[in-house]
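This report refers to the structure that appears directly beneath it.
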Amino acid sequence: MKIIEQTATRLVLRDLALAVVLWSIGGLFALIGVWTLLSVGSTVTQNGRTSELLVGSVFCLAGLLEMSIGRLNTWIFDRSLGKLTLNTVSLWKVQTRIYPLDQFVGTRVEESESTDGDSTYRVVLTRLLEECVPLSYIYTTGIEPKRQLAEQLNRFLAAR
C-alpha cells in the first residue's frame, strides 16, 4: 500500500504489489501452458501425447486462475467531495464503490496470529455503525509501515 497523491483535501492510496506478483506469476504459468500445448500440436492423437496435453491445460488454467485473483485497488479519499472512492481493477472487471467519507471515524492496524505465534497485519478503516473496511484483504508482515499509514490516514480523516 502506497500513498501516490496527498493534498490538503485529497489522499490517494494504491495497493499494487500483490496484483503485479499474481498477474506476473499467473501469466508465466499461462505462457508455459500455451507453449506446451503448441509444442504438442496436432501430434496428440497420432503419438498419444495426452500427458503433455493435460500438463499444458493444467498450466493454462492455473495461470488464468492466479491472474484472476490479482486486484489493483485505488483508494481516493476526497474531503472536498465528501466521499471515499474505491476503484478495483481485476483481470475480468473494473469496479467502483463509493462511501460517504463522514461514516469513517479512523483507522487501525488489525493483527492476525498464526498457530505458530507469528503475527501479520493489515490496515482497516473503522466506521460509525457498520463493520470495518480493510484496505487490503491479505495480512502481511511488518507492523511499522502499516502503523505509519494508519497514522497518516487518521490525521487526514481528523482534519475534516
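How things are named: the first chain in the C-alpha cells is A, the next is B, and so on; residues count from 1 in each chain; ligands count from 1 in the order shown.
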Set the distance at 6 Å and use only C-alpha atoms: which residues neighbour segment 96-103 of chain A once local chain neighbours fewer than 3 positions away are removed? I'd like the list as a PyMOL selection string. chain A and resi 82-87+127-128
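Ranking A:Val105, A:Ile3, A:Ile69, A:Lys146 by their shortest atom-to-atom distance to Leu129 of chain A, with only C-alpha atoms included, puts A:Val105 first.
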Just want the 8 Å neighbourhood of Ser112 of chain A, counted on only C-alpha atoms, with same-chain residues fewer than 2 positions away dropped. Output as a PDB file with C-alpha atoms, in the first residue's frame.
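And here's selection.pdb as it stands now:
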```
ATOM      1  CA  GLU A 110      -5.523  -5.310  12.634  1.00  0.00           C
ATOM      2  CA  SER A 114      -0.894 -17.892  13.174  1.00  0.00           C
ATOM      3  CA  SER A 119       1.771 -12.157  13.509  1.00  0.00           C
ATOM      4  CA  THR A 120       0.720 -10.492  10.269  1.00  0.00           C
ATOM      5  CA  TYR A 121      -1.080  -7.180   9.876  1.00  0.00           C
ATOM      6  CA  TYR A 139      -2.374  -9.758   6.112  1.00  0.00           C
TER       7      TYR A 139
END
```
Run DSSP on the backbone and tell me which residues of segment 7-133 of chain A come out as helix (DSSP H, G or I); list them as a ChimeraX atom specification. /A:17-47,50-69,101-103
Just write the chosen residues, N, CA and C atoms, as a short mmCIF file (atom, residue, chain, number, x, y, z; two decimals), in the first residue's frame.
```
data_model
loop_
_atom_site.label_atom_id
_atom_site.label_comp_id
_atom_site.auth_asym_id
_atom_site.auth_seq_id
_atom_site.Cartn_x
_atom_site.Cartn_y
_atom_site.Cartn_z
N ALA A 17 1.34 -4.05 -5.23
CA ALA A 17 2.36 -5.10 -5.16
C ALA A 17 1.79 -6.50 -5.40
N LEU A 18 0.76 -6.88 -4.68
CA LEU A 18 0.22 -8.23 -4.81
C LEU A 18 -0.36 -8.47 -6.20
N ALA A 19 -1.03 -7.48 -6.75
CA ALA A 19 -1.62 -7.64 -8.09
C ALA A 19 -0.53 -7.92 -9.12
N VAL A 20 0.56 -7.18 -9.06
CA VAL A 20 1.64 -7.38 -10.03
C VAL A 20 2.25 -8.76 -9.89
N VAL A 21 2.45 -9.21 -8.66
CA VAL A 21 3.02 -10.55 -8.43
C VAL A 21 2.09 -11.63 -8.98
N LEU A 22 0.81 -11.53 -8.64
CA LEU A 22 -0.14 -12.56 -9.11
C LEU A 22 -0.29 -12.54 -10.62
N TRP A 23 -0.38 -11.33 -11.21
CA TRP A 23 -0.51 -11.24 -12.67
C TRP A 23 0.75 -11.77 -13.36
N SER A 24 1.93 -11.50 -12.81
CA SER A 24 3.18 -11.96 -13.42
C SER A 24 3.33 -13.47 -13.34
N ILE A 25 3.15 -14.01 -12.15
CA ILE A 25 3.30 -15.47 -11.98
C ILE A 25 2.20 -16.21 -12.75
N GLY A 26 0.97 -15.69 -12.68
CA GLY A 26 -0.12 -16.32 -13.44
C GLY A 26 0.12 -16.27 -14.92
N GLY A 27 0.63 -15.13 -15.41
CA GLY A 27 0.95 -15.00 -16.83
C GLY A 27 2.03 -15.97 -17.26
N LEU A 28 3.03 -16.16 -16.40
CA LEU A 28 4.10 -17.11 -16.70
C LEU A 28 3.56 -18.54 -16.78
N PHE A 29 2.70 -18.91 -15.82
CA PHE A 29 2.08 -20.24 -15.87
C PHE A 29 1.26 -20.42 -17.14
N ALA A 30 0.47 -19.39 -17.49
CA ALA A 30 -0.36 -19.49 -18.70
C ALA A 30 0.51 -19.61 -19.95
N LEU A 31 1.62 -18.86 -20.01
CA LEU A 31 2.52 -18.96 -21.17
C LEU A 31 3.16 -20.34 -21.27
N ILE A 32 3.56 -20.88 -20.12
CA ILE A 32 4.13 -22.24 -20.14
C ILE A 32 3.09 -23.23 -20.65
N GLY A 33 1.85 -23.05 -20.19
CA GLY A 33 0.78 -23.94 -20.64
C GLY A 33 0.53 -23.83 -22.13
N VAL A 34 0.47 -22.60 -22.64
CA VAL A 34 0.24 -22.38 -24.07
C VAL A 34 1.41 -22.95 -24.87
N TRP A 35 2.64 -22.71 -24.42
CA TRP A 35 3.81 -23.23 -25.12
C TRP A 35 3.77 -24.75 -25.17
N THR A 36 3.39 -25.38 -24.04
CA THR A 36 3.30 -26.85 -24.01
C THR A 36 2.23 -27.33 -24.98
N LEU A 37 1.08 -26.66 -24.99
CA LEU A 37 0.00 -27.07 -25.90
C LEU A 37 0.41 -26.89 -27.36
N LEU A 38 1.09 -25.79 -27.66
CA LEU A 38 1.52 -25.56 -29.04
C LEU A 38 2.60 -26.54 -29.47
N SER A 39 3.48 -26.91 -28.53
CA SER A 39 4.54 -27.86 -28.89
C SER A 39 3.98 -29.25 -29.14
N VAL A 40 2.89 -29.57 -28.46
CA VAL A 40 2.25 -30.86 -28.69
C VAL A 40 1.58 -30.86 -30.05
N GLY A 41 0.88 -29.76 -30.36
CA GLY A 41 0.26 -29.56 -31.67
C GLY A 41 -0.69 -30.67 -32.07
N SER A 42 -0.66 -30.99 -33.32
CA SER A 42 -1.59 -31.98 -33.86
C SER A 42 -1.09 -33.41 -33.69
N THR A 43 0.05 -33.58 -33.06
CA THR A 43 0.59 -34.94 -32.90
C THR A 43 -0.02 -35.67 -31.72
N VAL A 44 -0.94 -35.02 -31.01
CA VAL A 44 -1.51 -35.63 -29.81
C VAL A 44 -2.20 -36.94 -30.16
N THR A 45 -3.04 -36.91 -31.12
CA THR A 45 -3.80 -38.13 -31.45
C THR A 45 -2.93 -39.16 -32.15
N GLN A 46 -1.90 -38.70 -32.87
CA GLN A 46 -1.05 -39.64 -33.60
C GLN A 46 -0.07 -40.36 -32.69
N ASN A 47 0.50 -39.64 -31.72
CA ASN A 47 1.56 -40.23 -30.89
C ASN A 47 1.11 -40.49 -29.46
N THR A 50 -1.08 -37.49 -24.67
CA THR A 50 -2.15 -36.91 -23.85
C THR A 50 -1.63 -36.33 -22.55
N SER A 51 -0.54 -36.86 -21.99
CA SER A 51 0.00 -36.33 -20.73
C SER A 51 0.50 -34.90 -20.94
N GLU A 52 1.13 -34.63 -22.07
CA GLU A 52 1.59 -33.26 -22.36
C GLU A 52 0.41 -32.33 -22.57
N LEU A 53 -0.63 -32.82 -23.18
CA LEU A 53 -1.84 -32.03 -23.36
C LEU A 53 -2.45 -31.68 -22.00
N LEU A 54 -2.47 -32.66 -21.12
CA LEU A 54 -3.02 -32.45 -19.78
C LEU A 54 -2.17 -31.44 -19.00
N VAL A 55 -0.86 -31.58 -19.05
CA VAL A 55 0.04 -30.66 -18.35
C VAL A 55 -0.13 -29.24 -18.89
N GLY A 56 -0.18 -29.10 -20.19
CA GLY A 56 -0.37 -27.77 -20.79
C GLY A 56 -1.68 -27.14 -20.38
N SER A 57 -2.73 -27.94 -20.36
CA SER A 57 -4.05 -27.43 -19.97
C SER A 57 -4.06 -27.02 -18.50
N VAL A 58 -3.46 -27.83 -17.65
CA VAL A 58 -3.41 -27.51 -16.22
C VAL A 58 -2.63 -26.21 -16.00
N PHE A 59 -1.50 -26.04 -16.67
CA PHE A 59 -0.72 -24.80 -16.52
C PHE A 59 -1.51 -23.59 -17.01
N CYS A 60 -2.21 -23.72 -18.13
CA CYS A 60 -3.03 -22.61 -18.65
C CYS A 60 -4.11 -22.23 -17.64
N LEU A 61 -4.84 -23.22 -17.16
CA LEU A 61 -5.92 -22.95 -16.22
C LEU A 61 -5.41 -22.39 -14.90
N ALA A 62 -4.31 -22.94 -14.40
CA ALA A 62 -3.73 -22.44 -13.14
C ALA A 62 -3.27 -21.00 -13.31
N GLY A 63 -2.66 -20.70 -14.44
CA GLY A 63 -2.21 -19.33 -14.70
C GLY A 63 -3.36 -18.35 -14.79
N LEU A 64 -4.42 -18.73 -15.50
CA LEU A 64 -5.58 -17.85 -15.61
C LEU A 64 -6.27 -17.66 -14.26
N LEU A 65 -6.34 -18.72 -13.49
CA LEU A 65 -6.94 -18.62 -12.16
C LEU A 65 -6.14 -17.67 -11.27
N GLU A 66 -4.83 -17.82 -11.27
CA GLU A 66 -3.99 -16.94 -10.46
C GLU A 66 -4.08 -15.50 -10.93
N MET A 67 -4.12 -15.29 -12.22
CA MET A 67 -4.25 -13.92 -12.75
C MET A 67 -5.59 -13.32 -12.36
N SER A 68 -6.63 -14.13 -12.28
CA SER A 68 -7.95 -13.60 -11.94
C SER A 68 -8.06 -13.20 -10.47
N ILE A 69 -7.19 -13.73 -9.62
CA ILE A 69 -7.21 -13.38 -8.20
C ILE A 69 -6.62 -11.99 -7.97
N LEU A 101 -17.60 9.83 3.14
CA LEU A 101 -16.38 9.96 3.94
C LEU A 101 -16.68 10.15 5.43
N ASP A 102 -17.81 10.78 5.73
CA ASP A 102 -18.11 11.08 7.13
C ASP A 102 -18.50 9.85 7.96
N GLN A 103 -18.70 8.70 7.33
CA GLN A 103 -19.02 7.50 8.10
C GLN A 103 -17.76 6.83 8.66
#
```
